[in-house]
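Enquirer: The structure is given below, and queries will be raised subsequently.
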Amino acid sequence: MNTFESLTNYYNTKDEHQRLSSRHGSVEFLTTVRYVEKYLSENCRILEIGAATGRYSHYFAQKGYEVDAIELIQHNIDVFNSLTLPKEKVTVRQGNALDLSHIQDETYDITLLLGPMYHLYTVEEQLKALSEAIRVTKQKGKIFVAYCNTDMTVYQYCFKRNMVKYELDRGMIDPETFKLYSTAEEIFQMHRKEEVYKLTEQFDVTRLHYVGTDMLTRLIDETIDNMDDSTFELYMKYHYIVCEREDMVGVTNHMLDILEKN
């Protein structure tokens, strides 16, 4: 099964919109929005590459920003369109993060690459997606790139679910470093911070933030879902304090790399 078929099968059965709408899922969403909003100004043009069902695109369009979205999977586009409100200045078209040739250089103030790096399995593809996202962003524009974290998956999947020996036998774990390997069958590509940093070395960008967008949230998801509003507000206050701390940022399911184009 190729990557497109695997992703189509996965997103036809998974409710990606609901994933970010649950209370514990909203931690990742609220954190990403908080950092994007640091760099928004009036008349900003936003591009979301790999927009899924449009959770972020619709949020910013409903705030009055002009948003263009690219999405690979038709099912997600159908959901995206069904959620579009009449007054939103938002467009969505089918496309691939590896080829944005229909977009001119330096078109957007803010570029969101919040899904594609989850599903690109070679360094060459990852570099191509980054290159395209940076190319279509204006000078001094901001690029937000999301990744899935290797080590939380080692804890939660390999050990908690007792899958470590099975994955070692399949050759999907490096027995010395515990680096995880992925293919279209596994759906998700994992990274560590040093791998993210290495990917961006060749580009003329400045790193503004490196953020753990959900930190330990997934380990206590039921607790978070059962919090009252005031306790959840306190949780988010603490989360924002630790989500960039060097000694904490590796303990997260999702990372957000925030770059400025020089």
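Chain labels follow the order of the structure tokens: the first chain is A, the next B, and so on; residue numbering restarts at 1 in every chain, and ligands are counted from 1 in their shown order.
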Go through segment 115-221 of chain A residue by residue and, counting only C-alpha atoms, keep those with an atom at most 10 Å from segment 17-38 of chain A; for each kept residue give the shortest atom pair and its distance in Å to one decimal, ordered by chain and increasing number, as CSV.

Expert:
```
residue,atom,partner,partner_atom,distance
A:Lys142,CA,A:Val36,CA,8.6
A:Ile143,CA,A:Val36,CA,9.3
A:Phe144,CA,A:Val36,CA,7.8
A:Ala146,CA,A:Thr32,CA,9.2
A:His209,CA,A:Tyr35,CA,8.8
A:Val211,CA,A:Thr31,CA,8.7
A:Gly212,CA,A:Glu28,CA,8.5
A:Thr213,CA,A:Glu28,CA,4.8
A:Asp214,CA,A:Glu28,CA,4.9
A:Met215,CA,A:Glu28,CA,8.7
A:Thr217,CA,A:His24,CA,6.5
A:Arg218,CA,A:His24,CA,7.2
A:Leu219,CA,A:His24,CA,9.9
A:Ile220,CA,A:His24,CA,8.4
A:Asp221,CA,A:His24,CA,5.5
```

Enquirer: For Ser101 of chain A, work out the shell of residues within 12 Å, counting only C-alpha atoms and skipping chain neighbours fewer than 2 positions away, then give it as a PyMOL selection string.

Expert: chain A and resi 95-99+103-105+129+131-133+135-136

Enquirer: Suppose we keep C-alpha atoms; can you now write the selection as a compact mmCIF listing (two decimals), in the first residue's frame?

Expert:
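Saved file result-v4.txt follows:
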```
# COMPACT_ATOMS: atom_id res chain seq x y z
CA GLY A 95 -2.60 19.46 -3.32
CA ASN A 96 0.64 18.01 -2.03
CA ALA A 97 3.10 19.63 0.37
CA LEU A 98 5.93 18.52 -1.91
CA ASP A 99 4.73 20.59 -4.85
CA ILE A 103 1.94 29.41 -5.59
CA GLN A 104 4.37 32.24 -6.31
CA ASP A 105 7.44 32.88 -4.15
CA ALA A 129 8.19 20.13 2.12
CA SER A 131 11.72 24.13 1.13
CA GLU A 132 8.33 24.70 -0.46
CA ALA A 133 6.84 26.14 2.75
CA ARG A 135 9.72 29.50 -0.56
CA VAL A 136 6.09 30.67 -0.53
```

Enquirer: So, with only C-alpha atoms as the atoms that count, which of A:Tyr210, A:Phe232, A:Phe80, A:Tyr10 lies closest to Glu244 of chain A?

Expert: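 The answer is A:Tyr210, which sits nearest to Glu244 of chain A.
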
Enquirer: From the list A:Glu185, A:Glu246, A:Glu222, A:Asp257, which residue is nearest Tyr121 of chain A when using only C-alpha atoms?

Expert: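 Looking only at the distances to Tyr121 of chain A, the closest residue turns out to be A:Glu185.
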
Enquirer: Hey, what does DSSP flag as alpha helix (DSSP H) within segment 104-146 of chain A? Can you give it to me as number ranges by chain?

Expert: A: 123-135

Enquirer: Please, could you write that set of residues out with N, CA and C atoms as a PDB file, in the first residue's frame?

Expert:
```
ATOM      1  N   VAL A 123      14.087  11.761   4.437  1.00  0.00           N
ATOM      2  CA  VAL A 123      14.658  13.090   4.658  1.00  0.00           C
ATOM      3  C   VAL A 123      14.477  13.953   3.412  1.00  0.00           C
ATOM      4  N   GLU A 124      14.597  13.354   2.238  1.00  0.00           N
ATOM      5  CA  GLU A 124      14.447  14.105   0.993  1.00  0.00           C
ATOM      6  C   GLU A 124      13.053  14.720   0.902  1.00  0.00           C
ATOM      7  N   GLU A 125      12.036  13.960   1.244  1.00  0.00           N
ATOM      8  CA  GLU A 125      10.667  14.485   1.221  1.00  0.00           C
ATOM      9  C   GLU A 125      10.467  15.565   2.273  1.00  0.00           C
ATOM     10  N   GLN A 126      11.023  15.343   3.440  1.00  0.00           N
ATOM     11  CA  GLN A 126      10.879  16.325   4.516  1.00  0.00           C
ATOM     12  C   GLN A 126      11.539  17.645   4.133  1.00  0.00           C
ATOM     13  N   LEU A 127      12.722  17.570   3.543  1.00  0.00           N
ATOM     14  CA  LEU A 127      13.417  18.781   3.107  1.00  0.00           C
ATOM     15  C   LEU A 127      12.651  19.487   1.992  1.00  0.00           C
ATOM     16  N   LYS A 128      12.041  18.716   1.109  1.00  0.00           N
ATOM     17  CA  LYS A 128      11.267  19.306   0.018  1.00  0.00           C
ATOM     18  C   LYS A 128      10.054  20.057   0.564  1.00  0.00           C
ATOM     19  N   ALA A 129       9.362  19.468   1.526  1.00  0.00           N
ATOM     20  CA  ALA A 129       8.193  20.131   2.119  1.00  0.00           C
ATOM     21  C   ALA A 129       8.602  21.409   2.834  1.00  0.00           C
ATOM     22  N   LEU A 130       9.700  21.357   3.572  1.00  0.00           N
ATOM     23  CA  LEU A 130      10.199  22.564   4.233  1.00  0.00           C
ATOM     24  C   LEU A 130      10.588  23.621   3.219  1.00  0.00           C
ATOM     25  N   SER A 131      11.273  23.202   2.159  1.00  0.00           N
ATOM     26  CA  SER A 131      11.725  24.135   1.130  1.00  0.00           C
ATOM     27  C   SER A 131      10.551  24.850   0.478  1.00  0.00           C
ATOM     28  N   GLU A 132       9.506  24.105   0.166  1.00  0.00           N
ATOM     29  CA  GLU A 132       8.326  24.698  -0.458  1.00  0.00           C
ATOM     30  C   GLU A 132       7.619  25.658   0.497  1.00  0.00           C
ATOM     31  N   ALA A 133       7.492  25.265   1.768  1.00  0.00           N
ATOM     32  CA  ALA A 133       6.837  26.136   2.747  1.00  0.00           C
ATOM     33  C   ALA A 133       7.612  27.437   2.922  1.00  0.00           C
ATOM     34  N   ILE A 134       8.920  27.343   2.970  1.00  0.00           N
ATOM     35  CA  ILE A 134       9.759  28.540   3.127  1.00  0.00           C
ATOM     36  C   ILE A 134       9.705  29.397   1.861  1.00  0.00           C
ATOM     37  N   ARG A 135       9.725  28.762   0.715  1.00  0.00           N
ATOM     38  CA  ARG A 135       9.717  29.499  -0.558  1.00  0.00           C
ATOM     39  C   ARG A 135       8.499  30.402  -0.686  1.00  0.00           C
TER      40      ARG A 135
END
```

Enquirer: Sorted by chain and rising residue number, which residues of segment 70-178 of chain A lie within 7 Å of segment 41-65 of chain A, and what are their closest atom pairs and distances in Å to one decimal, counting only C-alpha atoms, as JSON lines?

Expert:
```
{"residue": "A:Ile70", "atom": "CA", "partner": "A:Ile49", "partner_atom": "CA", "distance": 4.8}
{"residue": "A:Glu71", "atom": "CA", "partner": "A:Gly50", "partner_atom": "CA", "distance": 4.6}
{"residue": "A:Leu72", "atom": "CA", "partner": "A:Gly50", "partner_atom": "CA", "distance": 6.7}
{"residue": "A:Asn76", "atom": "CA", "partner": "A:Thr53", "partner_atom": "CA", "distance": 4.8}
{"residue": "A:Ile77", "atom": "CA", "partner": "A:Thr53", "partner_atom": "CA", "distance": 6.2}
{"residue": "A:Val79", "atom": "CA", "partner": "A:Thr53", "partner_atom": "CA", "distance": 5.6}
{"residue": "A:Phe80", "atom": "CA", "partner": "A:Thr53", "partner_atom": "CA", "distance": 4.4}
{"residue": "A:Thr84", "atom": "CA", "partner": "A:His58", "partner_atom": "CA", "distance": 6.9}
{"residue": "A:Glu88", "atom": "CA", "partner": "A:Ala61", "partner_atom": "CA", "distance": 5.3}
{"residue": "A:Lys89", "atom": "CA", "partner": "A:Ala61", "partner_atom": "CA", "distance": 5.8}
{"residue": "A:Val90", "atom": "CA", "partner": "A:Ala61", "partner_atom": "CA", "distance": 6.0}
{"residue": "A:Ala97", "atom": "CA", "partner": "A:Ile49", "partner_atom": "CA", "distance": 6.2}
{"residue": "A:Tyr108", "atom": "CA", "partner": "A:Arg45", "partner_atom": "CA", "distance": 5.2}
{"residue": "A:Asp109", "atom": "CA", "partner": "A:Arg45", "partner_atom": "CA", "distance": 5.4}
{"residue": "A:Ile110", "atom": "CA", "partner": "A:Ile46", "partner_atom": "CA", "distance": 4.8}
{"residue": "A:Thr111", "atom": "CA", "partner": "A:Leu47", "partner_atom": "CA", "distance": 4.8}
{"residue": "A:Leu112", "atom": "CA", "partner": "A:Glu48", "partner_atom": "CA", "distance": 4.6}
{"residue": "A:Leu113", "atom": "CA", "partner": "A:Ile49", "partner_atom": "CA", "distance": 5.1}
{"residue": "A:Leu114", "atom": "CA", "partner": "A:Gly50", "partner_atom": "CA", "distance": 6.7}
{"residue": "A:Gly115", "atom": "CA", "partner": "A:Gly50", "partner_atom": "CA", "distance": 5.3}
{"residue": "A:Pro116", "atom": "CA", "partner": "A:Gly50", "partner_atom": "CA", "distance": 5.7}
```

Enquirer: Which of these residues is nearest to Ser182 of chain A, using only C-alpha atoms: A:Gln202, A:Thr3, A:Thr252, A:Asn226?

Expert: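 Residue with the minimum atom-to-atom distance to Ser182 of chain A: A:Thr3.
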
Enquirer: Need the shell around Leu168 of chain A: protein/DNA/RNA residues with any atom at most 12 Å away, counting only C-alpha atoms. Skip same-chain ones fewer than 3 positions apart. Format as a PyMOL selection string?

Expert: chain A and resi 154+158-159+162-165+171-181

Enquirer: Kindly save the residues from that selection, with C-alpha atoms included, as a PDB file, in the first residue's frame.

Expert:
```pdb
ATOM      1  CA  VAL A 154       8.563   4.692  22.766  1.00  0.00           C
ATOM      2  CA  CYS A 158       6.451   0.371  22.677  1.00  0.00           C
ATOM      3  CA  PHE A 159       6.550  -0.142  26.445  1.00  0.00           C
ATOM      4  CA  ASN A 162       4.209  -4.087  25.374  1.00  0.00           C
ATOM      5  CA  MET A 163       5.015  -3.791  21.650  1.00  0.00           C
ATOM      6  CA  VAL A 164       8.751  -3.174  21.993  1.00  0.00           C
ATOM      7  CA  LYS A 165       9.951  -6.729  21.189  1.00  0.00           C
ATOM      8  CA  GLY A 171      13.290  -3.826  12.437  1.00  0.00           C
ATOM      9  CA  MET A 172      11.217  -0.730  13.206  1.00  0.00           C
ATOM     10  CA  ILE A 173      13.317   0.252  16.253  1.00  0.00           C
ATOM     11  CA  ASP A 174      17.064   0.840  16.338  1.00  0.00           C
ATOM     12  CA  PRO A 175      18.130  -1.446  19.235  1.00  0.00           C
ATOM     13  CA  GLU A 176      20.913   0.948  20.305  1.00  0.00           C
ATOM     14  CA  THR A 177      19.279   4.382  20.041  1.00  0.00           C
ATOM     15  CA  PHE A 178      15.563   3.466  20.096  1.00  0.00           C
ATOM     16  CA  LYS A 179      15.037   5.609  17.024  1.00  0.00           C
ATOM     17  CA  LEU A 180      11.743   4.594  15.401  1.00  0.00           C
ATOM     18  CA  TYR A 181      11.408   3.877  11.695  1.00  0.00           C
TER      19      TYR A 181
END
```
